[in-house]
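Data block below; observations after.
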Amino acid sequence: MVAVIVLPSLITNVNDRVNAEKIRSAKYKFTKATDHMKSLGLIGPYSSTDAFVDELQKYFKIAKRCDANHLRACWPTDTVKLEDGKEWDIAKTKTGKELKMKSSDTEDYTSDNVGIITADGTPMILSYNKKCQALDPMKTYGWSTSNGKPESNATAGCVAAVFEINGHSRPNTFRKDVVAFNANGLGSACALEIDGKCFGAPFTPKPLTKAECGAALAEGKLGIKYCINNDYNYDYWAGTVKQCGGVGKMPTQSDLQKIAALLYDKPIDASNMTDATYNGKASQLGLPEPDFEIWSGEENGIGFAYKRGFGTSSTYWHSYYRYDSEHLGLCVVD
C-alpha cells in the first residue's frame, strides 16, 4: 500500500527533474552558440530569420533546416495542445506573430520563421527580431540558472523560439513538453476571425476624460470626430478607440452583424432580431456568453456611438451613450 501511494509521486518528481534538465540543456546549447556569435560581433541585426540562421549554423550544429512553408518536416507532430485545450496546427507558425511577438520601434518579428532540428534531435522553430541591437563583443553577459546550472543569457534575446523535448510522446502540450524560449506564447493572435479579419479578445475599456478625448480629437490620429458634451466626464467609447489604436481598428456594424450570424440559429440581417435563438457558441469563438454588448467604430453625433447587443433571445444594434461602462471593446489585430 505504501508503494502504491508513494511510487507515482516519486516517478512524477523524477520525470519533472528529467524534463527540467532537457529544457535547460536545450536553452544552454543554443545560448552557447549566440554567446560565441556575440564575441565575434555577429548577433545582428540581420534582414530576416533565414539570414540569421545562415550565420547561426556556423556555430550551432543543425541536423535539418525547414523553411516557413515546411515547418512540419522539422516537428514531430502535426499539432500542439494549447493551454486553453485547443489544438494548434504547428505548420501555421509562420512568423513571430504566431509566437505572440509584438511590433514596436525595437521589435520586428515579421520575417518568415525557420524550423530546425538540432544535432541532438531537438526540434525548434525560430523567429529573429530584425531590429535587434548589436551587442558589445567585449562585454560579458551574465547567465540565468536552473537547478544551479547555467541556462541562458542576453545574447539569445534577439530570437523568439519554441521547442519540443518529448518527440512523439505525450502530453505534447504547450508550456509542458513544448517550451517557449523568449517567446510570449504559441498560436493564433486572433481570438475571432471574420472574413479574414482578425480580432483580439474582447475587453472592458478604460475611459477617456473630456480633456483626454479633446486632446485626441485635436491630434486627429485616432479618427474621433466628437467628444462628450454633457455632465459626464468619462467616455468609454473613446477609451476603446484609443486602446484599439483608432476607429479603423474597431469592428464595423457589418462585422458585428456577421458575428451575430455565427451566434444565432436563424439568419441575421442588419435589422434588430428580437426572436433570435442563441446557439451556445460564444465561448468557442472567444466571446463571453450572452448578454453582452460591443462598441463599433462608428459614431452618431456628440456623445453617441453605435453598438451591438447579444442576448439569449435577441441581437440588436443601435446608437448609445458613450459614457456607458457596460459595453465591451473589440480590436482588429494586425
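Labeling convention for the C-alpha cells: chains A, B, ... as they appear, residues from 1 per chain, ligands from 1 in order of appearance.
Residues of stretch 52-189 of chain A that DSSP places in alpha helix (DSSP H), based on the backbone of this structure, are Phe52, Val53, Asp54, Glu55 and Leu56 of chain A.
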How would the residues just picked look written out with N, CA, C and O atoms as a short mmCIF file (atom, residue, chain, number, x, y, z; two decimals), in the first residue's frame?
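For reference, result32.cif as written:
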data_model
loop_
_atom_site.label_atom_id
_atom_site.label_comp_id
_atom_site.auth_asym_id
_atom_site.auth_seq_id
_atom_site.Cartn_x
_atom_site.Cartn_y
_atom_site.Cartn_z
N PHE A 52 19.74 35.16 -40.31
CA PHE A 52 20.33 34.88 -39.00
C PHE A 52 20.74 33.41 -38.89
O PHE A 52 21.83 33.09 -38.42
N VAL A 53 19.87 32.50 -39.34
CA VAL A 53 20.18 31.06 -39.24
C VAL A 53 21.35 30.69 -40.15
O VAL A 53 22.13 29.79 -39.82
N ASP A 54 21.51 31.40 -41.26
CA ASP A 54 22.68 31.18 -42.12
C ASP A 54 23.96 31.33 -41.31
O ASP A 54 24.92 30.56 -41.48
N GLU A 55 23.98 32.35 -40.43
CA GLU A 55 25.17 32.58 -39.61
C GLU A 55 25.19 31.66 -38.39
O GLU A 55 26.25 31.12 -38.02
N LEU A 56 24.03 31.46 -37.78
CA LEU A 56 23.94 30.62 -36.59
C LEU A 56 24.49 29.22 -36.84
O LEU A 56 25.20 28.66 -35.99
#
Hey, what's within 9 Å of stretch 17-26 of chain A if we count only C-alpha atoms and toss same-chain stuff fewer than 2 positions away? As a compact mmCIF listing (two decimals) with all heavy atoms, in the first residue's frame, please?
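Below is the file that was written, selection08.txt:
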# COMPACT_ATOMS: atom_id res chain seq x y z
N THR A 12 6.69 10.89 -10.77
CA THR A 12 6.37 12.23 -11.28
C THR A 12 7.50 13.21 -11.00
O THR A 12 7.89 13.99 -11.87
CB THR A 12 5.07 12.75 -10.64
OG1 THR A 12 3.99 11.88 -11.00
CG2 THR A 12 4.75 14.16 -11.11
N ASN A 13 8.05 13.14 -9.79
CA ASN A 13 9.15 14.04 -9.42
C ASN A 13 10.38 13.79 -10.29
O ASN A 13 11.05 14.73 -10.72
CB ASN A 13 9.51 13.86 -7.95
CG ASN A 13 8.44 14.44 -7.02
OD1 ASN A 13 7.66 15.29 -7.43
ND2 ASN A 13 8.40 13.96 -5.79
N VAL A 14 10.68 12.51 -10.53
CA VAL A 14 11.83 12.16 -11.37
C VAL A 14 11.61 12.67 -12.79
O VAL A 14 12.51 13.28 -13.40
CB VAL A 14 12.06 10.64 -11.36
CG1 VAL A 14 13.09 10.26 -12.43
CG2 VAL A 14 12.55 10.18 -9.99
N ASN A 15 10.41 12.45 -13.33
CA ASN A 15 10.11 12.91 -14.69
C ASN A 15 10.20 14.43 -14.79
O ASN A 15 10.70 14.96 -15.79
CB ASN A 15 8.71 12.44 -15.10
CG ASN A 15 8.66 10.95 -15.39
OD1 ASN A 15 9.68 10.32 -15.65
ND2 ASN A 15 7.47 10.38 -15.34
N TYR A 28 20.58 26.17 -23.03
CA TYR A 28 22.00 26.39 -22.80
C TYR A 28 22.81 26.19 -24.09
O TYR A 28 23.66 27.03 -24.44
CB TYR A 28 22.51 25.44 -21.72
CG TYR A 28 24.00 25.51 -21.50
CD1 TYR A 28 24.58 26.60 -20.86
CD2 TYR A 28 24.84 24.47 -21.93
CE1 TYR A 28 25.96 26.67 -20.66
CE2 TYR A 28 26.21 24.53 -21.73
CZ TYR A 28 26.77 25.63 -21.10
OH TYR A 28 28.13 25.70 -20.91
N LYS A 29 22.54 25.11 -24.80
CA LYS A 29 23.29 24.85 -26.03
C LYS A 29 23.06 25.92 -27.07
O LYS A 29 23.99 26.35 -27.77
CB LYS A 29 22.91 23.46 -26.58
CG LYS A 29 23.39 22.31 -25.72
CD LYS A 29 22.88 20.97 -26.24
CE LYS A 29 23.35 19.83 -25.35
NZ LYS A 29 22.83 18.51 -25.80
N PHE A 30 21.81 26.37 -27.20
CA PHE A 30 21.51 27.43 -28.15
C PHE A 30 22.23 28.72 -27.74
O PHE A 30 22.82 29.41 -28.58
CB PHE A 30 20.00 27.66 -28.21
CG PHE A 30 19.58 28.65 -29.26
CD1 PHE A 30 19.30 28.22 -30.55
CD2 PHE A 30 19.47 30.01 -28.97
CE1 PHE A 30 18.91 29.13 -31.53
CE2 PHE A 30 19.09 30.92 -29.94
CZ PHE A 30 18.81 30.47 -31.22
N THR A 31 22.19 29.05 -26.45
CA THR A 31 22.80 30.29 -25.97
C THR A 31 24.32 30.25 -26.04
O THR A 31 24.96 31.29 -26.24
CB THR A 31 22.33 30.60 -24.54
OG1 THR A 31 20.92 30.55 -24.47
CG2 THR A 31 22.80 31.97 -24.08
N THR A 122 16.64 17.93 -31.10
CA THR A 122 15.62 18.85 -30.57
C THR A 122 15.02 19.68 -31.70
O THR A 122 15.73 20.41 -32.37
CB THR A 122 16.23 19.80 -29.52
OG1 THR A 122 16.80 19.04 -28.46
CG2 THR A 122 15.15 20.74 -28.96
N THR A 145 20.18 30.77 -14.32
CA THR A 145 20.48 29.38 -13.97
C THR A 145 19.19 28.59 -13.73
O THR A 145 18.13 29.15 -13.46
CB THR A 145 21.36 29.29 -12.72
OG1 THR A 145 20.65 29.88 -11.61
CG2 THR A 145 22.68 30.01 -12.92
N SER A 146 19.32 27.29 -13.82
CA SER A 146 18.24 26.36 -13.48
C SER A 146 18.86 25.20 -12.73
O SER A 146 19.80 24.57 -13.22
CB SER A 146 17.53 25.87 -14.74
OG SER A 146 16.53 24.92 -14.42
N ASN A 147 18.38 24.97 -11.52
CA ASN A 147 18.96 23.92 -10.66
C ASN A 147 20.47 24.10 -10.48
O ASN A 147 21.23 23.13 -10.48
CB ASN A 147 18.66 22.52 -11.23
CG ASN A 147 17.19 22.17 -11.14
OD1 ASN A 147 16.51 22.53 -10.18
ND2 ASN A 147 16.68 21.49 -12.16
N LYS A 149 22.59 25.34 -12.55
CA LYS A 149 23.38 25.22 -13.77
C LYS A 149 23.03 26.38 -14.72
O LYS A 149 21.89 26.85 -14.73
CB LYS A 149 23.10 23.90 -14.47
CG LYS A 149 23.46 22.67 -13.66
CD LYS A 149 23.11 21.40 -14.44
CE LYS A 149 23.42 20.15 -13.65
NZ LYS A 149 23.06 18.91 -14.40
N PRO A 150 24.00 26.83 -15.53
CA PRO A 150 23.71 27.94 -16.45
C PRO A 150 22.66 27.55 -17.49
O PRO A 150 22.64 26.42 -17.97
CB PRO A 150 25.07 28.22 -17.11
CG PRO A 150 25.84 26.95 -16.96
CD PRO A 150 25.39 26.36 -15.66
N GLU A 151 21.78 28.51 -17.81
CA GLU A 151 20.71 28.21 -18.76
C GLU A 151 20.76 29.12 -19.99
O GLU A 151 20.82 28.65 -21.11
CB GLU A 151 19.34 28.34 -18.08
CG GLU A 151 18.17 27.97 -18.97
CD GLU A 151 16.86 27.98 -18.22
OE1 GLU A 151 16.35 29.09 -17.92
OE2 GLU A 151 16.34 26.89 -17.93
N SER A 152 20.72 30.45 -19.79
CA SER A 152 20.70 31.35 -20.94
C SER A 152 21.19 32.73 -20.52
O SER A 152 21.31 33.02 -19.33
CB SER A 152 19.28 31.45 -21.51
OG SER A 152 19.26 32.20 -22.70
N PHE A 163 10.37 25.10 -28.70
CA PHE A 163 11.00 23.81 -28.98
C PHE A 163 10.28 22.71 -28.23
O PHE A 163 9.42 22.96 -27.38
CB PHE A 163 12.50 23.84 -28.67
CG PHE A 163 12.85 24.08 -27.22
CD1 PHE A 163 12.99 23.02 -26.33
CD2 PHE A 163 13.10 25.36 -26.75
CE1 PHE A 163 13.33 23.23 -25.00
CE2 PHE A 163 13.44 25.59 -25.42
CZ PHE A 163 13.56 24.52 -24.55
N GLU A 164 10.63 21.47 -28.54
CA GLU A 164 9.90 20.31 -28.04
C GLU A 164 10.91 19.32 -27.46
O GLU A 164 11.99 19.14 -28.01
CB GLU A 164 9.13 19.68 -29.21
CG GLU A 164 7.88 18.94 -28.84
CD GLU A 164 8.15 17.51 -28.41
OE1 GLU A 164 9.26 17.01 -28.67
OE2 GLU A 164 7.26 16.89 -27.82
N ILE A 165 10.58 18.70 -26.31
CA ILE A 165 11.56 17.84 -25.64
C ILE A 165 11.16 16.37 -25.59
O ILE A 165 11.92 15.53 -25.14
CB ILE A 165 11.81 18.31 -24.19
CG1 ILE A 165 10.51 18.26 -23.37
CG2 ILE A 165 12.42 19.70 -24.18
CD1 ILE A 165 10.72 18.47 -21.89
N ASN A 166 9.96 16.05 -26.10
CA ASN A 166 9.43 14.70 -25.91
C ASN A 166 9.21 13.89 -27.18
O ASN A 166 8.67 12.79 -27.13
CB ASN A 166 8.08 14.78 -25.17
CG ASN A 166 8.17 14.22 -23.77
OD1 ASN A 166 9.24 13.84 -23.34
ND2 ASN A 166 7.05 14.20 -23.08
N LYS A 176 4.53 22.62 -21.31
CA LYS A 176 4.89 21.40 -20.60
C LYS A 176 6.07 20.77 -21.33
O LYS A 176 7.22 21.02 -20.98
CB LYS A 176 3.69 20.47 -20.50
CG LYS A 176 2.61 21.03 -19.56
CD LYS A 176 1.48 20.05 -19.34
CE LYS A 176 0.45 20.65 -18.39
NZ LYS A 176 -0.70 19.73 -18.18
N ASP A 177 5.82 19.96 -22.37
CA ASP A 177 6.93 19.43 -23.15
C ASP A 177 7.17 20.24 -24.43
O ASP A 177 8.12 19.99 -25.15
CB ASP A 177 6.72 17.95 -23.48
CG ASP A 177 5.40 17.68 -24.18
OD1 ASP A 177 4.50 18.52 -24.09
OD2 ASP A 177 5.27 16.62 -24.80
N VAL A 179 8.01 24.05 -25.33
CA VAL A 179 8.54 25.10 -24.46
C VAL A 179 8.75 26.40 -25.21
O VAL A 179 9.32 26.42 -26.32
CB VAL A 179 9.89 24.64 -23.84
CG1 VAL A 179 10.43 25.70 -22.90
CG2 VAL A 179 9.73 23.30 -23.13
Looking at A:Leu135, A:Val178, A:Ala305, A:Val114, which one is nearest to A:Pro76, with distances taken over only C-alpha atoms?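 Closest to A:Pro76, using only C-alpha atoms: A:Val178.
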Contacts of A:Glu87 at 12 Å or less, counting only C-alpha atoms, minus same-chain residues fewer than 2 places along, as JSON, numbers by chain? {"A": [77, 78, 79, 80, 81, 82, 83, 84, 85, 89, 90, 91, 92, 172, 173, 174, 186, 187, 188]}
Please identify all polymer residues within 9 Å of stretch 219-225 of chain A, counting only C-alpha atoms, omitting same-chain residues fewer than 5 positions from it, and present them as a PyMOL selection string. chain A and resi 213-214+238+241-242+245-248+299+301-302
Restricted to N, CA, C and O atoms, what would the selected residues look like written as a PDB file, in the first residue's frame?
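Written output follows (out-v7.pdb):
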ATOM      1  N   CYS A 213     -10.142  63.121 -24.375  1.00  0.00           N
ATOM      2  CA  CYS A 213     -10.820  62.971 -25.658  1.00  0.00           C
ATOM      3  C   CYS A 213     -10.568  64.203 -26.530  1.00  0.00           C
ATOM      4  O   CYS A 213     -10.297  64.090 -27.725  1.00  0.00           O
ATOM      5  N   GLY A 214     -10.642  65.392 -25.910  1.00  0.00           N
ATOM      6  CA  GLY A 214     -10.390  66.621 -26.652  1.00  0.00           C
ATOM      7  C   GLY A 214      -8.993  66.666 -27.236  1.00  0.00           C
ATOM      8  O   GLY A 214      -8.795  67.105 -28.370  1.00  0.00           O
ATOM      9  N   ALA A 238     -14.577  56.389 -26.564  1.00  0.00           N
ATOM     10  CA  ALA A 238     -13.291  56.990 -26.947  1.00  0.00           C
ATOM     11  C   ALA A 238     -12.127  56.217 -26.337  1.00  0.00           C
ATOM     12  O   ALA A 238     -11.066  56.075 -26.955  1.00  0.00           O
ATOM     13  N   VAL A 241     -11.516  53.317 -28.530  1.00  0.00           N
ATOM     14  CA  VAL A 241     -10.800  53.758 -29.735  1.00  0.00           C
ATOM     15  C   VAL A 241      -9.304  53.855 -29.454  1.00  0.00           C
ATOM     16  O   VAL A 241      -8.473  53.375 -30.236  1.00  0.00           O
ATOM     17  N   LYS A 242      -8.946  54.470 -28.330  1.00  0.00           N
ATOM     18  CA  LYS A 242      -7.524  54.638 -28.008  1.00  0.00           C
ATOM     19  C   LYS A 242      -6.848  53.297 -27.783  1.00  0.00           C
ATOM     20  O   LYS A 242      -5.726  53.073 -28.269  1.00  0.00           O
ATOM     21  N   GLY A 245      -6.246  51.690 -31.035  1.00  0.00           N
ATOM     22  CA  GLY A 245      -5.323  52.387 -31.914  1.00  0.00           C
ATOM     23  C   GLY A 245      -6.003  53.142 -33.039  1.00  0.00           C
ATOM     24  O   GLY A 245      -5.364  53.482 -34.039  1.00  0.00           O
ATOM     25  N   GLY A 246      -7.312  53.402 -32.905  1.00  0.00           N
ATOM     26  CA  GLY A 246      -8.040  54.154 -33.914  1.00  0.00           C
ATOM     27  C   GLY A 246      -9.355  53.498 -34.264  1.00  0.00           C
ATOM     28  O   GLY A 246      -9.537  52.289 -34.068  1.00  0.00           O
ATOM     29  N   VAL A 247     -10.289  54.283 -34.818  1.00  0.00           N
ATOM     30  CA  VAL A 247     -11.595  53.726 -35.175  1.00  0.00           C
ATOM     31  C   VAL A 247     -11.474  52.653 -36.253  1.00  0.00           C
ATOM     32  O   VAL A 247     -12.300  51.743 -36.326  1.00  0.00           O
ATOM     33  N   GLY A 248     -10.443  52.752 -37.080  1.00  0.00           N
ATOM     34  CA  GLY A 248     -10.238  51.742 -38.125  1.00  0.00           C
ATOM     35  C   GLY A 248      -9.820  50.393 -37.593  1.00  0.00           C
ATOM     36  O   GLY A 248      -9.826  49.405 -38.333  1.00  0.00           O
ATOM     37  N   GLU A 299     -19.403  56.499 -34.889  1.00  0.00           N
ATOM     38  CA  GLU A 299     -20.046  57.493 -34.037  1.00  0.00           C
ATOM     39  C   GLU A 299     -21.423  57.880 -34.594  1.00  0.00           C
ATOM     40  O   GLU A 299     -21.723  57.654 -35.776  1.00  0.00           O
ATOM     41  N   GLY A 301     -22.925  61.319 -33.813  1.00  0.00           N
ATOM     42  CA  GLY A 301     -23.059  62.648 -33.238  1.00  0.00           C
ATOM     43  C   GLY A 301     -22.362  62.761 -31.896  1.00  0.00           C
ATOM     44  O   GLY A 301     -21.661  61.854 -31.441  1.00  0.00           O
ATOM     45  N   ILE A 302     -22.569  63.894 -31.240  1.00  0.00           N
ATOM     46  CA  ILE A 302     -21.887  64.182 -29.986  1.00  0.00           C
ATOM     47  C   ILE A 302     -22.389  63.254 -28.878  1.00  0.00           C
ATOM     48  O   ILE A 302     -23.575  63.220 -28.567  1.00  0.00           O
TER      49      ILE A 302
END
Going by DSSP on the backbone, which bits of stretch 109-265 of chain A are strand (DSSP E or B)? Write them as a PyMOL selection string, please. chain A and resi 114-118+123-128+143-146+149-153+159-164+173-174+178-181+192-194+197-199+203+208-209+234-235+264
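Here atom CA of A:Leu99 and atom CA of A:Gly185 stand 5.0 Å from one another.
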Between stretch 180-229 of chain A and stretch 272-282 of chain A, at 12 Å or less, what are the per-residue closest atom pairs and their distances in Å? Count only C-alpha atoms, order by chain and rising residue number, and return it as JSON lines.
{"residue": "A:Ala191", "atom": "CA", "partner": "A:Ala282", "partner_atom": "CA", "distance": 11.2}
{"residue": "A:Leu192", "atom": "CA", "partner": "A:Ala282", "partner_atom": "CA", "distance": 10.2}
{"residue": "A:Ala201", "atom": "CA", "partner": "A:Ala282", "partner_atom": "CA", "distance": 12.0}
{"residue": "A:Pro202", "atom": "CA", "partner": "A:Ala282", "partner_atom": "CA", "distance": 11.6}
Next, write the just-selected residues to a file, as a CSV table (one decimal), in the first residue's frame, keeping all heavy atoms as the atom set.
chain,number,residue,atom,x,y,z
A,191,ALA,N,-8.5,36.0,-31.6
A,191,ALA,CA,-9.5,35.3,-30.7
A,191,ALA,C,-10.7,35.0,-31.6
A,191,ALA,O,-11.4,34.1,-31.3
A,191,ALA,CB,-9.9,36.2,-29.6
A,192,LEU,N,-10.9,35.8,-32.7
A,192,LEU,CA,-12.0,35.6,-33.5
A,192,LEU,C,-11.6,36.1,-34.9
A,192,LEU,O,-11.0,37.1,-35.1
A,192,LEU,CB,-13.2,36.5,-33.0
A,192,LEU,CG,-14.5,36.5,-33.8
A,192,LEU,CD1,-15.2,35.2,-33.8
A,192,LEU,CD2,-15.4,37.5,-33.2
A,201,ALA,N,-9.1,39.4,-28.2
A,201,ALA,CA,-10.1,39.1,-27.2
A,201,ALA,C,-10.9,40.3,-26.8
A,201,ALA,O,-10.3,41.4,-26.7
A,201,ALA,CB,-9.4,38.4,-26.0
A,202,PRO,N,-12.2,40.2,-26.6
A,202,PRO,CA,-12.9,41.3,-26.1
A,202,PRO,C,-12.4,41.8,-24.7
A,202,PRO,O,-11.9,41.0,-23.9
A,202,PRO,CB,-14.4,40.8,-26.0
A,202,PRO,CG,-14.3,39.3,-26.0
A,202,PRO,CD,-13.0,39.0,-26.7
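Comparing A:Gly329, A:Gly239, A:Gly44, A:Gly309 by their smallest distance to A:Lys131, the closest is A:Gly44 (using only C-alpha atoms).
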Give me, please, the distance in Å between atom CA of A:Asn233 and atom CA of A:Arg308, quoted to one decimal. 23.3 Å
Quote the spacing between atom CA of A:Gly303 and atom CA of A:Ile228 in Å to one decimal place.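 Answer for the atom CA of A:Gly303 to atom CA of A:Ile228 separation: 4.3 Å.
Using only C-alpha atoms, the nearest neighbour of A:Ser144 within the list A:Met37, A:Ile125, A:Ala156, A:Val332 is A:Ala156.
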Need to verify the contact set: A:Ala119, 10 Å, only C-alpha atoms, exclusion of same-chain residues closer than 5 positions in sequence. Can you return it as a PyMOL selection string? chain A and resi 60-64
Residue among A:Cys132, A:Ala33, A:Cys66, A:Ala161 lying closest to A:Ser48, counting only C-alpha atoms: A:Cys132
Considering only C-alpha atoms, state which residue in the set A:Ser325, A:Asn113, A:Gln284, A:Gln133 is at the smallest distance from A:Pro45.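 Ranked by minimum distance to A:Pro45, first place goes to A:Gln133.
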